[in-house]
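For reference, the structure discussed in these notes is given below.
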Amino acid sequence: MYNKPWLNALGLVCKMNLLIQLVIFLLHKGSYWEGTYRYMGTYTDPNQLGFAIISTLSILFLLKDKWKYLFVLVALFLIMQTSSSGMLIALFILVSMDSMIMLKRAMDNGGISYTVLFLIILGIGGVIALFMLDIIHIDWDHFRVSDKLNNNNSVLQSFINDRALNVAQDHPEYFLFGYGEGFQFPRYGHQEEMHSTWISLCYYYGIVPFCILLAWIYSNVRRIKLEVLPIYCAIFLEAFTLVNHRQASFWMIILLANVCCRDDSDNGYEFYDVLENEGNKSA
């Protein structure tokens, strides 16, 4: 990751990943979750596909790819097919925060006047109005929003049920020393795997290993710049609903903070040569 040609190749692979998934969908070659409307492509679960899409897009944002907003449209289309509300929220956080930072920078440089800013806000408000008036129709039932909000349980209990965290609720003592990771929890009659979240990671491995993990993550991301803050806000906040630590892209995003979160003045191969030497010393 300390080598610029490798980073360029990584960006190319990320774009190919998104385009391949789009082509598979358009050719009707992808799969659906247990015969439902939730699309999962070449993955075994809709949430896995959704996380793969949002994490791949996040890497493109980290690499400051000039075509990243074109692939935002690809990502939005695919995430809508998965009906994953958590991934849709993550995409909204990523794009909205990044747009605000770009807008602020453009205003500081005199590239955008307050009149243009007003027109942009007016346009966004118009699009929101089209959704609210159902002129642009989205079947929100596919995202199970009503099921999650319109029930007799509290918000916390609804979250616990939705993320299959019931075993952690019933037996919290395993937060101390860890339950272990597996598909089912037959000892306590729970036949559903816990969704991969920050909470489940703590429950799987115990509080001490989990704190070591958090310390390691902090050591990598503590020097991030404002321009990449949207990426880590989106990924880490979304991780409360699905962290999907089994996908390599999650760990790549954390490690790439050491390379991609540099000042804009640091350009060219000399910078990467220095980083490569630092990386070798670190290794």
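Residues are named by chain letter and number: chains run A, B, ... in the order of the structure tokens, numbers start at 1 in each chain, and ligands are numbered from 1 in the order shown.
Residues with any atom within 6 Å of Ser196 of chain A, counting only C-alpha atoms and excluding same-chain neighbours fewer than 4 positions away, are Ser200, Leu242, Val243 and Asn244 of chain A.
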Would you save the residues of that selection, restricted to N, CA and C atoms, as a PDB file, in the first residue's frame?
ATOM      1  N   SER A 200     -21.413  -7.486  18.564  1.00  0.00           N
ATOM      2  CA  SER A 200     -21.156  -8.915  18.413  1.00  0.00           C
ATOM      3  C   SER A 200     -19.661  -9.224  18.469  1.00  0.00           C
ATOM      4  N   LEU A 242     -23.903  -3.359  10.744  1.00  0.00           N
ATOM      5  CA  LEU A 242     -23.207  -4.466  10.079  1.00  0.00           C
ATOM      6  C   LEU A 242     -21.757  -4.058   9.813  1.00  0.00           C
ATOM      7  N   VAL A 243     -20.815  -4.687  10.508  1.00  0.00           N
ATOM      8  CA  VAL A 243     -19.407  -4.350  10.301  1.00  0.00           C
ATOM      9  C   VAL A 243     -18.768  -5.269   9.268  1.00  0.00           C
ATOM     10  N   ASN A 244     -19.274  -6.495   9.180  1.00  0.00           N
ATOM     11  CA  ASN A 244     -18.785  -7.470   8.193  1.00  0.00           C
ATOM     12  C   ASN A 244     -17.262  -7.554   8.171  1.00  0.00           C
TER      13      ASN A 244
END
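Within 6 Å of segment 257-261 of chain A there are Leu62, Val221, Ile224 and Lys225 of chain A, counting only C-alpha atoms and ignoring same-chain residues fewer than 4 positions away.
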Practice task
Identify, on the basis of only C-alpha atoms, every residue whose closest approach to segment 66-82 of chain A does not exceed 10 Å; exclude the query and any residue fewer than 2 positions from it along the same chain; express the result as a ChimeraX atom specification.
Solution key: /A:11,14-15,18-19,21-22,25,32-33,37-41,45-54,56-64,84-88,91-92,94-95,138-140,142-143
Handout entry: Atomic separation - atom CA of Val228 of chain A relative to atom CA of Met97 of chain A, Å
Key = 9.5 Å
Exercise for the section: Tell me, in Å to one decimal, how far atom CA of Ile253 of chain A is from atom CA of Leu12 of chain A. Expected result: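 Interatomic distance, atom CA of Ile253 of chain A to atom CA of Leu12 of chain A: 15.8 Å.
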Exercise for the section: Rounded to one decimal place, report the atom CA of Ala106 of chain A-atom CA of Ile254 of chain A distance in Å. Expected result: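 These atoms are spaced 28.0 Å apart.
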